[in-house]
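> Sharing a structure with you now.
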Protein chains: 4
Amino acid sequence: MNQNINNIAVLTSGGDAPGMNACIRAVVRTGIYNGANMFGVKQGYQGLIDDNIIPMDARSVSNIIHLGGTILKTARCKPFMTEEGMQTAYNHLKARNIDGLVVIGGDGTFTGAKIFSEKFGVKVMGVPGTIDNDLFGSDFTLGYDTAMNTVIEAIDKIRDTADAHDRLFFIEVMGRDSGCIALRSGVASGAEAVLLPEKQTSIDELVNQLEIGALTKKSSSIVIVAEGHKAGGAYDIAKKVKERFNHYDTKVTILGHLQRGGSPSSADRILGSRLGFAAVNELFKGTTAAMVGLRGNDVKVTSLEEALTKHSFKLEDDLLEMTKVLSI
Amino acid sequence: MNQNINNIAVLTSGGDAPGMNACIRAVVRTGIYNGANMFGVKQGYQGLIDDNIIPMDARSVSNIIHLGGTILKTARCKPFMTEEGMQTAYNHLKARNIDGLVVIGGDGTFTGAKIFSEKFGVKVMGVPGTIDNDLFGSDFTLGYDTAMNTVIEAIDKIRDTADAHDRLFFIEVMGRDSGCIALRSGVASGAEAVLLPEKQTSIDELVNQLEIGALTKKSSSIVIVAEGHKAGGAYDIAKKVKERFNHYDTKVTILGHLQRGGSPSSADRILGSRLGFAAVNELFKGTTAAMVGLRGNDVKVTSLEEALTKHSFKLEDDLLEMTKVLSI
Amino acid sequence: MNQNINNIAVLTSGGDAPGMNACIRAVVRTGIYNGANMFGVKQGYQGLIDDNIIPMDARSVSNIIHLGGTILKTARCKPFMTEEGMQTAYNHLKARNIDGLVVIGGDGTFTGAKIFSEKFGVKVMGVPGTIDNDLFGSDFTLGYDTAMNTVIEAIDKIRDTADAHDRLFFIEVMGRDSGCIALRSGVASGAEAVLLPEKQTSIDELVNQLEIGALTKKSSSIVIVAEGHKAGGAYDIAKKVKERFNHYDTKVTILGHLQRGGSPSSADRILGSRLGFAAVNELFKGTTAAMVGLRGNDVKVTSLEEALTKHSFKLEDDLLEMTKVLSI
Amino acid sequence: MNQNINNIAVLTSGGDAPGMNACIRAVVRTGIYNGANMFGVKQGYQGLIDDNIIPMDARSVSNIIHLGGTILKTARCKPFMTEEGMQTAYNHLKARNIDGLVVIGGDGTFTGAKIFSEKFGVKVMGVPGTIDNDLFGSDFTLGYDTAMNTVIEAIDKIRDTADAHDRLFFIEVMGRDSGCIALRSGVASGAEAVLLPEKQTSIDELVNQLEIGALTKKSSSIVIVAEGHKAGGAYDIAKKVKERFNHYDTKVTILGHLQRGGSPSSADRILGSRLGFAAVNELFKGTTAAMVGLRGNDVKVTSLEEALTKHSFKLEDDLLEMTKVLSI
């Protein structure tokens with residue numbers, strides 16, 4: 001089964017996401033268990049260019065499964081997207097006879113991986129690692145479940161104080177292009193309204209909805225705003241609403257980078273472990289320029305070609321309707 | 001669309017599970033939003049027999065989405081399984097013109113629901129609520145994700161002290177017939193071995209595995225034991241292992257009822273909300289003697305007949321192999 | 001011992017703080033245990049004016065000890081500070097023969113309590129409840145310990161992502177006049193620098209400190225900024241630092257109202273219970289216009305006169321020095 | 001001020017406690033900041049005997065302030081208590097010119113430290129590190145606050161399921177000789193009864209108390225049992241109570257080693273940092289055979305002589321009374 005893959009490197013790239021360490025651990029140990037030599041690349045593609053590549057043994061990934069962030073660090077790296085950058089990267093891999101590469105990251109990461117594998121013949125497998133859950137080929141991306149729990153724990157805390165004071169809170173969550181975190185955290189926290197980048201919601205509509213809540217004696221209201229909502233950030237929206245709706249005092253919270261960190265949830269540790277395990281096994285089978293993802297409860301392989309061209313995520317219709325029905 | 005369902009009751013039955021309150025909230029509000037009168041039954045089927053049935057309005061389920069347990073309370077109720085018990089229950093529903101019933105629970109709950117709906121013509125929808133994740137018809141049951149997070153947080157804490165002392169810990173988790181919690185928590189916590197009710201593991205095999213870990217300089221080891229493992233509870237197994245393996249001091253922890261409680265995870269709040277919403281909508285469509293469940297990322301309807309006769313859960317092959325490969 | 005105090009009311013006022021519910025529970029049950037009739041006032045002093053006063057029995061405070069916020073709600077109330085407002089409030093108490101009042105809040109709350117008790121002869125006891133820890137008469141105020149844990153959990157999460165990316169983070173915490181949260185959270189999170197309202201720190205000094213960290217190969221840096229620091233909010237400071245220090249990418253997080261909520265820590269539940277218990281016992285002894293607080297491990301009584309005139313909080317010298325020494 | 005202390009070692013001994021890593025970090029960095037060479041001893045006194053002593057620089061304690069357990073590991077070590085053991089230990093210190101030693105642990109640790117410092121003239125400072133909070137010389141010991149939070153979070157979870165089922169739970173917490181954790185966790189979790197090693201409670205009394213709760217319509221009851229209670233462990237007591245009290249179904253949970261782990265609370269990180277900082281500064285001043293502890297909000301020095309002969313902990317009278325009054 002092993003297609004003469006003897007030396008495998010792993011890197012994390014793009015924004016960090018909880019579960020990346022669980023995945024690195026699985027990659028390293030699955031490789032070692034099957035007789036390969038394993039390497040870690042520091043700071044994503046930048047480490048390939050800088051020759052920042054270290055050997056990794058089974059103990060090097062001990063006691064990391066529960067840690068947030070990534071022990072290999074991550075970075076965004078423009079030089080890698082040039083021909084010269086890729087050549088340098090390839091030379092550094094070749095010097096160590098590294099013939100397999102696992103990249104953990106988002107679509108920017110996958111775009112680089114696809115070109116690199118095509119040009120230089122290095123076998124590359126991708127693992128979807130981003131809290132945004134915006135990749136085709138996996139129902140869920142690594143880090144999304146943890147980020148969701150972080151967001152709702154934060155909203156729960158804010159609800160305590162919103163209720164104590166009869167306040168209206170605007171809470172901005174991550175998601176420049178995707179309302180995935182906003183929609184789901186809105187449902188999970190019982191928010192009164194959710195503003196999404198995929199959907200136009202006028203200030204009129206929003207104020208009407210809040211008026212109804214006030215009439216039916218809601219003691220506080222929470223509006224979730226995705227970063228990328230057309231009407232502007234949470235501060236802008238709050239200001240506009242305030243001009244026309246004054247049943248409650250209005251406050252704004254921006255959750256920010258808080259959402260990226262934290263010990264990975266059980267689901268993310270399992271997902272990271274399964275995908276890392278599968279990615280290395282696929283390399284041994286000779287697969288390349290593909291990604292592993294979760295579909296239902298099974299791990300599936302999708303070509304990077306398909307992953308990068310198909311649209312990733314559609315907001316679930318029932319969830320959209322539920323934000324209205326369940327917040328009465 | 002509304003098949004003349006005007007009065008709907010909801011109850012929780014069997015063991016409690018985090019996310020039940022999110023589901024109750026969704027049931028009540030979806031019903032009210034669509035014009036139905038809503039009722040809550042206290043203590044599961046027992047409340048039907050005792051006529052412990054209360055009207056519920058939209059405010060009665062405010063601020064419960066994040067709470068563990070169930071505001072309706074739950075119980076196991078043998079009298080309901082008799083003809084007399086069911087007749088009494090039916091009379092109490094009839095007195096209020098209740099023509100739809102949502103039951104949240106496990107397979108015992110569904111068995112009762114199926115018979116009741118057949119005998120008395122009450123339209124009944126089931127929602128899979130149990131931390132054991134052992135029902136057909138849903139990839140995940142309500143409460144399972146939260147229980148998994150509770151378990152791994154506990155194991156993380158125990159790992160701290162295991163490492164500090166170079167100790168071997170046996171941790172018993174729930175699962176009398178199903179190794180679902182044990183297998184997944186083993187993978188998610190990086191346990192050195194997992195003992196499952198579905199699989200014979202001899203003390204010999206276990207000791208061998210631990211010896212290898214000791215040779216490769218693991219500083220501590222954790223063995224997860226499902227309640228129902230053939231070789232006995234965690235205390236028995238620990239005793240037998242201790243007789244033959246003494247690299248480390250040995251300790252036992254039984255997680256117990258801790259695993260049932262806690263604020264539901266984001267995934268369980270969303271699951272409870274989606275399934276409650278769907279269950280009521282199915283009643284309005286005229287569906288009966290069926291359950292709603294999650295398949296992939298979609299809500300699907302399964303007849304109780306099918307749910308109760310098909311086998312529920314198969315341990316994932318890749319996870320079984322990973323417990324060995326990833327703990328090197 | 002009971003000085004004919006038969007009817008006691010309790011209210012929460014000012015900003016809400018975790019532990020207020022534990023305190024309300026203790027007040028109500030201690031009163032009932034000793035034969036008094038107990039009342040809750042909604043929304044602080046506003047509820048006294050609006051006659052929003054409800055009877056409370058032992059069950060009315062069941063299952064609230066672990067909840068953040070306050071079941072009695074809170075508000076800031078200017079009308080109470082007028083003679084007319086106080087007279088109205090007094091009339092509403094008198095109508096129910098309420099002769100004892102426990103107020104849970106900060107110094108604004110205590111100022112009102114002192115005047116009210118002097119003018120109308122109602123016996124009043126104060127409990128220090130504010131996350132700011134800025135009151136004389138108690139080593140710690142109710143809610144401070146929980147807020148501290150919330151802050152460091154948030155910083156821990158941000159540290160994950162800061163490390164993964166070699167970033168410099170500016171984190172703004174509460175404390176307009178008091179650096180208590182900033183100083184302690186800086187020490188507890190291992191922050192590289194702390195900016196306090198009580199202390200001038202020039203951008204020069206700050207940049208120097210960060211340069212040293214960069215030289216000694218720190219992979220990320222975190223600066224805690226109290227809301228009230230002279231040089232401006234976290235955004236302003238980050239901007240100024242960025243102009244002169246570019247070893248790392250710079251990010252800002254404002255923790256905001258997150259810091260007010262959450263289930264109270266063990267220390268805050270115990271503190272709330274002890275102070276509520278003591279406050280009612282003091283009323284029975286005839287004490288008035290005083291507060292109860294924690295000194296060392298003992299509950300002590302301080303007159304409101306003294307509490308309101310003495311300065312509350314001095315930043316501990318060893319902690320100030322430690323922010324420099326321990327972040328090398 | 002520096003009394004020619006140039007080389008300092010630090011070790012953790014006895015049971016591990018959250019906050020030990022924060023303390024190790026403070027010791028190492030305070031030493032380095034003041035020009036000393038710093039060393040870490042692995043596995044407590046055992047490491048002194050085995051010459052398991054490593055140099056530590058400022059980076060060796062990076063990113064550990066938030067970790068449970070102890071990076072230096074800990075052990076109980078009988079050989080150190082012999083003359084031969086101490087001589088061997090001394091030789092290993094002398095070989096590195098180590099003239100100062102900080103020991104973090106409980107009274108067993110301090111007993112060894114006192115003898116060692118007297119016999120061999122090594123300057124030794126103790127830091128009270130144990131979750132049991134049973135040492136004289138400090139209001140709180142390192143790890144106690146975190147353990148308390150762990151315990152009440154566990155009880156909160158169990159309360160969810162106890163309430164859902166109308167159950168009576170017996171929860172066993174740590175404390176063989178000291179009821180400190182049991183008493184405080186009882187108050188903080190609103191337990192119906194608390195059984196302490198310091199106090200005889202007959203089964204009769206306990207049953208009476210539970211009967212009153214049942215009469216006043218409590219829907220569930222929780223009894224906290226300290227490990228060392230005279231009437232036997234939680235299982236024994238539950239069995240005896242069950243024979244005579246059957247309003248509820250009865251369950252037992254043993255929290256066990258869970259209580260030792262976990263990320264330290266803010267209070268424990270600050271306490272560990274302050275005491276580590278103070279211990280090293282005391283060594284520089286020439287202090288020996290003493291411990292540093294927290295009194296009120298100040299760090300105080302107590303001789304080991306006094307710490308080991310005076311009784312440590314008295315259960316607070318108000319807390320004892322509150323367990324009765326507040327659980328009505």
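Simple scheme: letters A, B, ... for chains in structure tokens order, numbers from 1 for residues in each chain, numbers from 1 for ligands in the order shown.
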For chain D, list the residues within 6 Å of chain C, counting only C-alpha atoms, and write the list as a list in words.
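The answer, sorted by residue number, is Ala26, Arg29, Asn149, Ala188, Ser266, Arg269, Ile270, Gly296 and Leu326 of chain D.
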> Can you spit out the residues from that selection as a PDB file, in the first residue's frame, using N, CA, C and O atoms?

```
ATOM      1  N   ALA D  26       7.658  32.146  38.646  1.00  0.00           N
ATOM      2  CA  ALA D  26       8.021  33.335  39.422  1.00  0.00           C
ATOM      3  C   ALA D  26       9.374  33.147  40.096  1.00  0.00           C
ATOM      4  O   ALA D  26      10.211  34.069  40.114  1.00  0.00           O
ATOM      5  N   ARG D  29      12.212  33.318  37.307  1.00  0.00           N
ATOM      6  CA  ARG D  29      12.434  34.645  36.726  1.00  0.00           C
ATOM      7  C   ARG D  29      12.900  35.675  37.740  1.00  0.00           C
ATOM      8  O   ARG D  29      13.692  36.560  37.415  1.00  0.00           O
ATOM      9  N   ASN D 149     -13.219  25.721  42.742  1.00  0.00           N
ATOM     10  CA  ASN D 149     -13.987  25.991  41.517  1.00  0.00           C
ATOM     11  C   ASN D 149     -14.280  24.704  40.754  1.00  0.00           C
ATOM     12  O   ASN D 149     -15.375  24.533  40.212  1.00  0.00           O
ATOM     13  N   ALA D 188     -20.979  26.913  48.795  1.00  0.00           N
ATOM     14  CA  ALA D 188     -20.929  27.501  47.448  1.00  0.00           C
ATOM     15  C   ALA D 188     -21.868  26.820  46.471  1.00  0.00           C
ATOM     16  O   ALA D 188     -22.237  27.401  45.452  1.00  0.00           O
ATOM     17  N   SER D 266      -7.461  32.556  38.528  1.00  0.00           N
ATOM     18  CA  SER D 266      -6.732  33.813  38.630  1.00  0.00           C
ATOM     19  C   SER D 266      -6.102  33.961  40.014  1.00  0.00           C
ATOM     20  O   SER D 266      -4.930  34.317  40.138  1.00  0.00           O
ATOM     21  N   ARG D 269      -3.027  31.779  40.336  1.00  0.00           N
ATOM     22  CA  ARG D 269      -1.881  32.249  39.550  1.00  0.00           C
ATOM     23  C   ARG D 269      -1.214  33.430  40.224  1.00  0.00           C
ATOM     24  O   ARG D 269       0.014  33.548  40.234  1.00  0.00           O
ATOM     25  N   ILE D 270      -2.050  34.306  40.780  1.00  0.00           N
ATOM     26  CA  ILE D 270      -1.496  35.474  41.466  1.00  0.00           C
ATOM     27  C   ILE D 270      -0.806  35.045  42.754  1.00  0.00           C
ATOM     28  O   ILE D 270       0.302  35.485  43.055  1.00  0.00           O
ATOM     29  N   GLY D 296      -4.531  38.077  54.886  1.00  0.00           N
ATOM     30  CA  GLY D 296      -5.320  39.176  54.345  1.00  0.00           C
ATOM     31  C   GLY D 296      -4.895  39.341  52.909  1.00  0.00           C
ATOM     32  O   GLY D 296      -4.907  38.371  52.153  1.00  0.00           O
ATOM     33  N   LEU D 326     -28.938  28.398  55.288  1.00  0.00           N
ATOM     34  CA  LEU D 326     -29.156  28.768  53.889  1.00  0.00           C
ATOM     35  C   LEU D 326     -29.738  27.649  53.029  1.00  0.00           C
ATOM     36  O   LEU D 326     -30.109  27.876  51.884  1.00  0.00           O
TER      37      LEU D 326
END
```
> Between stretch 112-181 of chain D and stretch 220-229 of chain D, at 10 Å or less, what are the per-residue closest atom pairs and their distances in Å? Count only C-alpha atoms, order by chain and rising residue number, and return it as a Markdown table.

```
| residue | atom | partner | partner_atom | distance |
| --- | --- | --- | --- | --- |
| D:Ile155 | CA | D:Ile222 | CA | 8.5 |
| D:Ile158 | CA | D:Ile222 | CA | 8.9 |
| D:Arg159 | CA | D:Ile222 | CA | 7.6 |
| D:Asp160 | CA | D:Ser220 | CA | 9.6 |
| D:Thr161 | CA | D:Ser220 | CA | 9.3 |
| D:Ala162 | CA | D:Ser220 | CA | 5.8 |
| D:Asp163 | CA | D:Ser220 | CA | 5.3 |
| D:Ala164 | CA | D:Ser220 | CA | 8.5 |
| D:His165 | CA | D:Ser220 | CA | 7.8 |
| D:Asp166 | CA | D:Ser220 | CA | 4.8 |
| D:Arg167 | CA | D:Ser220 | CA | 5.1 |
| D:Leu168 | CA | D:Ser221 | CA | 4.8 |
| D:Phe169 | CA | D:Ile222 | CA | 4.8 |
| D:Phe170 | CA | D:Val223 | CA | 4.9 |
| D:Ile171 | CA | D:Ile224 | CA | 5.0 |
| D:Glu172 | CA | D:Val225 | CA | 4.7 |
| D:Val173 | CA | D:Ala226 | CA | 5.2 |
| D:Met174 | CA | D:Glu227 | CA | 5.5 |
| D:Gly175 | CA | D:Glu227 | CA | 5.5 |
| D:Arg176 | CA | D:Gly228 | CA | 4.1 |
| D:Asp177 | CA | D:Gly228 | CA | 6.0 |
| D:Ser178 | CA | D:Gly228 | CA | 7.8 |
| D:Gly179 | CA | D:Ala226 | CA | 6.0 |
| D:Cys180 | CA | D:Ala226 | CA | 8.7 |
| D:Ile181 | CA | D:Ala226 | CA | 7.7 |
```
> Could you pull out all residues of stretch 272-328 of chain B with a DSSP call of strand (DSSP E or B) and give them as a list in words?
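Filtering stretch 272-328 of chain B to strand (DSSP E or B) leaves Ala290, Met291, Val292, Gly293, Leu294, Arg295, Asp298, Val299, Lys300, Val301, Thr302 and Ser303 of chain B.
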> Go through A:Gly213, A:Gly121, A:Pro55, A:Gly100 and flag the residue nearest A:Ala193, using only C-alpha atoms for the distances.
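Counting only C-alpha atoms, the residue closest to A:Ala193 is A:Gly213.
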> May I have all residues of stretch 32-267 of chain D that DSSP, computed from the backbone, assigns to helix (DSSP H, G or I), given as a PyMOL selection string?
chain D and resi 32-33+45-49+58-61+79-81+83-94+107-120+144-165+180-189+203-215+234-244+256-260+266-267
> Using only C-alpha atoms, which of A:Gly276, A:Gly293, A:Pro79, A:Gly233 sits nearest A:Met20?
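Nearest candidate to A:Met20 out of A:Gly276, A:Gly293, A:Pro79, A:Gly233: A:Gly276.
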> For A:Gln46, find every residue with an atom within 8 Å (counting only C-alpha atoms), except residues of its own chain fewer than 3 positions away, and show them as a PDB file with N, CA and C atoms, in the first residue's frame.

```pdb
ATOM      1  N   LYS A  42       7.812  25.136  10.255  1.00  0.00           N
ATOM      2  CA  LYS A  42       7.380  26.240  11.099  1.00  0.00           C
ATOM      3  C   LYS A  42       6.801  27.387  10.265  1.00  0.00           C
ATOM      4  N   GLN A  43       5.752  28.015  10.778  1.00  0.00           N
ATOM      5  CA  GLN A  43       5.153  29.213  10.161  1.00  0.00           C
ATOM      6  C   GLN A  43       4.670  29.024   8.730  1.00  0.00           C
ATOM      7  N   ILE A  49      10.170  28.174   2.715  1.00  0.00           N
ATOM      8  CA  ILE A  49      11.092  29.093   2.037  1.00  0.00           C
ATOM      9  C   ILE A  49      12.330  29.361   2.890  1.00  0.00           C
ATOM     10  N   ASP A  50      12.097  29.518   4.221  1.00  0.00           N
ATOM     11  CA  ASP A  50      13.195  29.839   5.137  1.00  0.00           C
ATOM     12  C   ASP A  50      13.969  28.610   5.590  1.00  0.00           C
ATOM     13  N   ALA A  75       1.347  31.358   9.439  1.00  0.00           N
ATOM     14  CA  ALA A  75       1.543  32.698   8.885  1.00  0.00           C
ATOM     15  C   ALA A  75       0.863  32.751   7.532  1.00  0.00           C
ATOM     16  N   ARG A  76       0.600  33.937   7.080  1.00  0.00           N
ATOM     17  CA  ARG A  76       0.191  34.122   5.696  1.00  0.00           C
ATOM     18  C   ARG A  76       1.468  34.448   4.928  1.00  0.00           C
ATOM     19  N   CYS A  77       1.674  33.877   3.756  1.00  0.00           N
ATOM     20  CA  CYS A  77       2.979  33.970   3.088  1.00  0.00           C
ATOM     21  C   CYS A  77       2.798  34.252   1.611  1.00  0.00           C
ATOM     22  N   PRO A  79       5.253  35.367  -0.592  1.00  0.00           N
ATOM     23  CA  PRO A  79       6.356  34.911  -1.465  1.00  0.00           C
ATOM     24  C   PRO A  79       6.164  33.493  -1.992  1.00  0.00           C
ATOM     25  N   PHE A  80       5.448  32.647  -1.257  1.00  0.00           N
ATOM     26  CA  PHE A  80       5.265  31.273  -1.707  1.00  0.00           C
ATOM     27  C   PHE A  80       4.468  31.220  -3.005  1.00  0.00           C
TER      28      PHE A  80
END
```
> Figure out the distance between atom CA of D:Val241 and atom CA of B:Ala238, please, to one decimal in Å.
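Atom-to-atom, atom CA of B:Ala238 to atom CA of D:Val241, that is 29.3 Å.
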> So the first atom is atom CA of B:Leu283 and the second is atom CA of B:Thr88; what is the distance between them in Å, to one decimal place?
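Calculated distance between atom CA of B:Leu283 and atom CA of B:Thr88 is 22.6 Å.
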> Go through D:Met38, D:Ala234, D:Val252, D:Leu135 and flag the residue nearest D:Asn7, using only C-alpha atoms for the distances.
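That would be D:Met38, the residue with the smallest distance to D:Asn7.
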> Using atom CA of C:Ile71 and atom CA of D:Val194 as the two end points, give the distance in Å to one decimal.
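Answer for the atom CA of C:Ile71 to atom CA of D:Val194 separation: 26.8 Å.
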> Under the rule that only C-alpha atoms are counted, which of C:Gly137, C:Gly232, C:Gly256, C:Gly143 is the nearest residue to C:Val301?
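Among C:Gly137, C:Gly232, C:Gly256, C:Gly143, it is C:Gly137 that comes nearest to C:Val301.
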> May I have the residues within 10 Å of C:Gly106 as a list in words, using only C-alpha atoms and disregarding those fewer than 6 positions away in the same chain?
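Here the qualifying residues turn out to be Thr12, Ser13, Gly14, Gly15, Asp16, Gly126, Val127, Pro128, Gly129, Thr130, Ile131, Asp132, Asn133, Asp134, Leu135, Thr141 and Leu142 of chain C.
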> Using only N, CA and C atoms, please write the residues we just selected to a file, as a compact mmCIF listing (two decimals), in the first residue's frame.

```
# COMPACT_ATOMS: atom_id res chain seq x y z
N THR C 12 -30.69 45.04 44.51
CA THR C 12 -29.37 45.18 43.89
C THR C 12 -29.39 46.45 43.06
N SER C 13 -28.27 47.17 43.09
CA SER C 13 -28.24 48.48 42.46
C SER C 13 -26.88 48.73 41.80
N GLY C 14 -26.84 49.61 40.81
CA GLY C 14 -25.59 49.87 40.08
C GLY C 14 -25.31 48.78 39.07
N GLY C 15 -24.05 48.60 38.69
CA GLY C 15 -23.70 47.54 37.75
C GLY C 15 -23.90 46.17 38.38
N ASP C 16 -24.37 45.21 37.59
CA ASP C 16 -24.55 43.87 38.15
C ASP C 16 -23.19 43.19 38.33
N GLY C 126 -25.40 47.61 53.90
CA GLY C 126 -24.86 47.50 52.54
C GLY C 126 -23.98 46.28 52.37
N VAL C 127 -24.03 45.71 51.18
CA VAL C 127 -23.11 44.63 50.79
C VAL C 127 -22.35 45.11 49.55
N PRO C 128 -21.01 45.06 49.60
CA PRO C 128 -20.21 45.58 48.48
C PRO C 128 -20.29 44.64 47.27
N GLY C 129 -21.02 45.06 46.25
CA GLY C 129 -21.17 44.23 45.05
C GLY C 129 -20.80 45.01 43.82
N THR C 130 -19.63 44.77 43.29
CA THR C 130 -19.16 45.41 42.06
C THR C 130 -17.91 44.67 41.61
N ILE C 131 -17.76 44.50 40.31
CA ILE C 131 -16.58 43.76 39.85
C ILE C 131 -15.31 44.60 39.96
N ASP C 132 -15.44 45.90 40.27
CA ASP C 132 -14.27 46.78 40.21
C ASP C 132 -13.36 46.69 41.43
N ASN C 133 -13.84 46.08 42.51
CA ASN C 133 -13.04 45.93 43.74
C ASN C 133 -12.49 47.25 44.25
N ASP C 134 -13.32 48.27 44.20
CA ASP C 134 -12.83 49.60 44.55
C ASP C 134 -13.54 50.20 45.75
N LEU C 135 -13.92 49.35 46.73
CA LEU C 135 -14.59 49.87 47.90
C LEU C 135 -13.74 49.68 49.15
N THR C 141 -14.57 42.79 46.70
CA THR C 141 -16.00 43.02 46.49
C THR C 141 -16.59 41.84 45.71
N LEU C 142 -17.88 41.69 45.87
CA LEU C 142 -18.63 40.61 45.21
C LEU C 142 -18.52 40.75 43.69
```
